[in-house]
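Before any comments, here is the structure.
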Amino acid sequence: MPDQQKVSDQVRKDNSLLNQVELFFSILTRRLLRRGEFASRQDLIDQIREFTLVYDDEARPFRWTYDGTPLKAA
C-alpha cells in the first residue's frame, strides 16, 4: 500500500473531481461559514452536517464553461 505522500503526488491538478470538491467548499464558505455564528465546535459541526444534507437535496449539476483552450498568463 503506497504511503500518503505518494498518493497525493499522483493526483492531477486538473482533475475534475478535485474541481468539484473545491466548488463545494467554496459554496459552503459563501453560504454558511463566512457569516455564520457558532456557539461551539459542536454547533459548527451540526450546522455543516445540516447544510450538507440540505445541499445534497437541492444540488444541481454545474455548467462547465471552459472550452479547453489554454489560459493566458496575466
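How things are named: the first chain in the C-alpha cells is A, the next is B, and so on; residues count from 1 in each chain; ligands count from 1 in the order shown.
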
Shell around range 23-34 of chain A at 10 Å using only C-alpha atoms, local window under 3 positions removed, as an MDAnalysis selection string:
chainID A and resid 17:20 37:38 44 47:48 51:52 55 62

Pull N, CA and C atoms from the residues just selected and write them as a PDB file, in the first residue's frame.
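Generated output (out_28.pdb):
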```pdb
ATOM      1  N   LEU A  17     -12.759  15.833 -10.366  1.00  0.00           N
ATOM      2  CA  LEU A  17     -13.248  15.578  -9.010  1.00  0.00           C
ATOM      3  C   LEU A  17     -12.691  16.619  -8.049  1.00  0.00           C
ATOM      4  N   LEU A  18     -11.412  16.949  -8.189  1.00  0.00           N
ATOM      5  CA  LEU A  18     -10.795  17.972  -7.350  1.00  0.00           C
ATOM      6  C   LEU A  18     -11.506  19.306  -7.557  1.00  0.00           C
ATOM      7  N   ASN A  19     -11.830  19.641  -8.790  1.00  0.00           N
ATOM      8  CA  ASN A  19     -12.547  20.887  -9.077  1.00  0.00           C
ATOM      9  C   ASN A  19     -13.914  20.896  -8.409  1.00  0.00           C
ATOM     10  N   GLN A  20     -14.623  19.771  -8.431  1.00  0.00           N
ATOM     11  CA  GLN A  20     -15.940  19.705  -7.817  1.00  0.00           C
ATOM     12  C   GLN A  20     -15.854  19.847  -6.301  1.00  0.00           C
ATOM     13  N   GLU A  37     -22.567  32.212  12.748  1.00  0.00           N
ATOM     14  CA  GLU A  37     -22.239  32.387  14.162  1.00  0.00           C
ATOM     15  C   GLU A  37     -22.435  31.034  14.823  1.00  0.00           C
ATOM     16  N   PHE A  38     -21.400  30.563  15.479  1.00  0.00           N
ATOM     17  CA  PHE A  38     -21.411  29.230  16.047  1.00  0.00           C
ATOM     18  C   PHE A  38     -21.098  29.322  17.537  1.00  0.00           C
ATOM     19  N   LEU A  44     -20.939  24.181  15.173  1.00  0.00           N
ATOM     20  CA  LEU A  44     -20.370  24.295  13.827  1.00  0.00           C
ATOM     21  C   LEU A  44     -20.519  22.973  13.081  1.00  0.00           C
ATOM     22  N   GLN A  47     -24.171  22.376  12.136  1.00  0.00           N
ATOM     23  CA  GLN A  47     -24.635  23.233  11.044  1.00  0.00           C
ATOM     24  C   GLN A  47     -24.046  22.809   9.702  1.00  0.00           C
ATOM     25  N   ILE A  48     -22.794  22.362   9.697  1.00  0.00           N
ATOM     26  CA  ILE A  48     -22.190  21.869   8.459  1.00  0.00           C
ATOM     27  C   ILE A  48     -22.911  20.605   8.000  1.00  0.00           C
ATOM     28  N   PHE A  51     -26.266  21.676   6.613  1.00  0.00           N
ATOM     29  CA  PHE A  51     -26.064  22.306   5.305  1.00  0.00           C
ATOM     30  C   PHE A  51     -25.834  21.241   4.235  1.00  0.00           C
ATOM     31  N   THR A  52     -25.003  20.249   4.554  1.00  0.00           N
ATOM     32  CA  THR A  52     -24.684  19.203   3.593  1.00  0.00           C
ATOM     33  C   THR A  52     -25.919  18.404   3.213  1.00  0.00           C
ATOM     34  N   TYR A  55     -28.106  20.757   1.066  1.00  0.00           N
ATOM     35  CA  TYR A  55     -27.455  20.981  -0.225  1.00  0.00           C
ATOM     36  C   TYR A  55     -27.556  19.731  -1.093  1.00  0.00           C
ATOM     37  N   PHE A  62     -23.189  21.278 -12.161  1.00  0.00           N
ATOM     38  CA  PHE A  62     -22.562  22.541 -12.545  1.00  0.00           C
ATOM     39  C   PHE A  62     -22.492  22.619 -14.064  1.00  0.00           C
TER      40      PHE A  62
END
```

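Going from CA of Val54 in chain A over to CA of Ser16 in chain A, you cover 23.2 Å.
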
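Put simply, CA of Ala59 in chain A is 28.5 Å away from CA of Leu71 in chain A.
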
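As for CA of Glu50 in chain A and CA of Gly36 in chain A, they are spaced 13.2 Å apart.
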
Could you give me the residues within range 7-72 of chain A that DSSP places in helix (DSSP H, G or I), as a PyMOL selection string?
chain A and resi 7-9+16-33+41-58
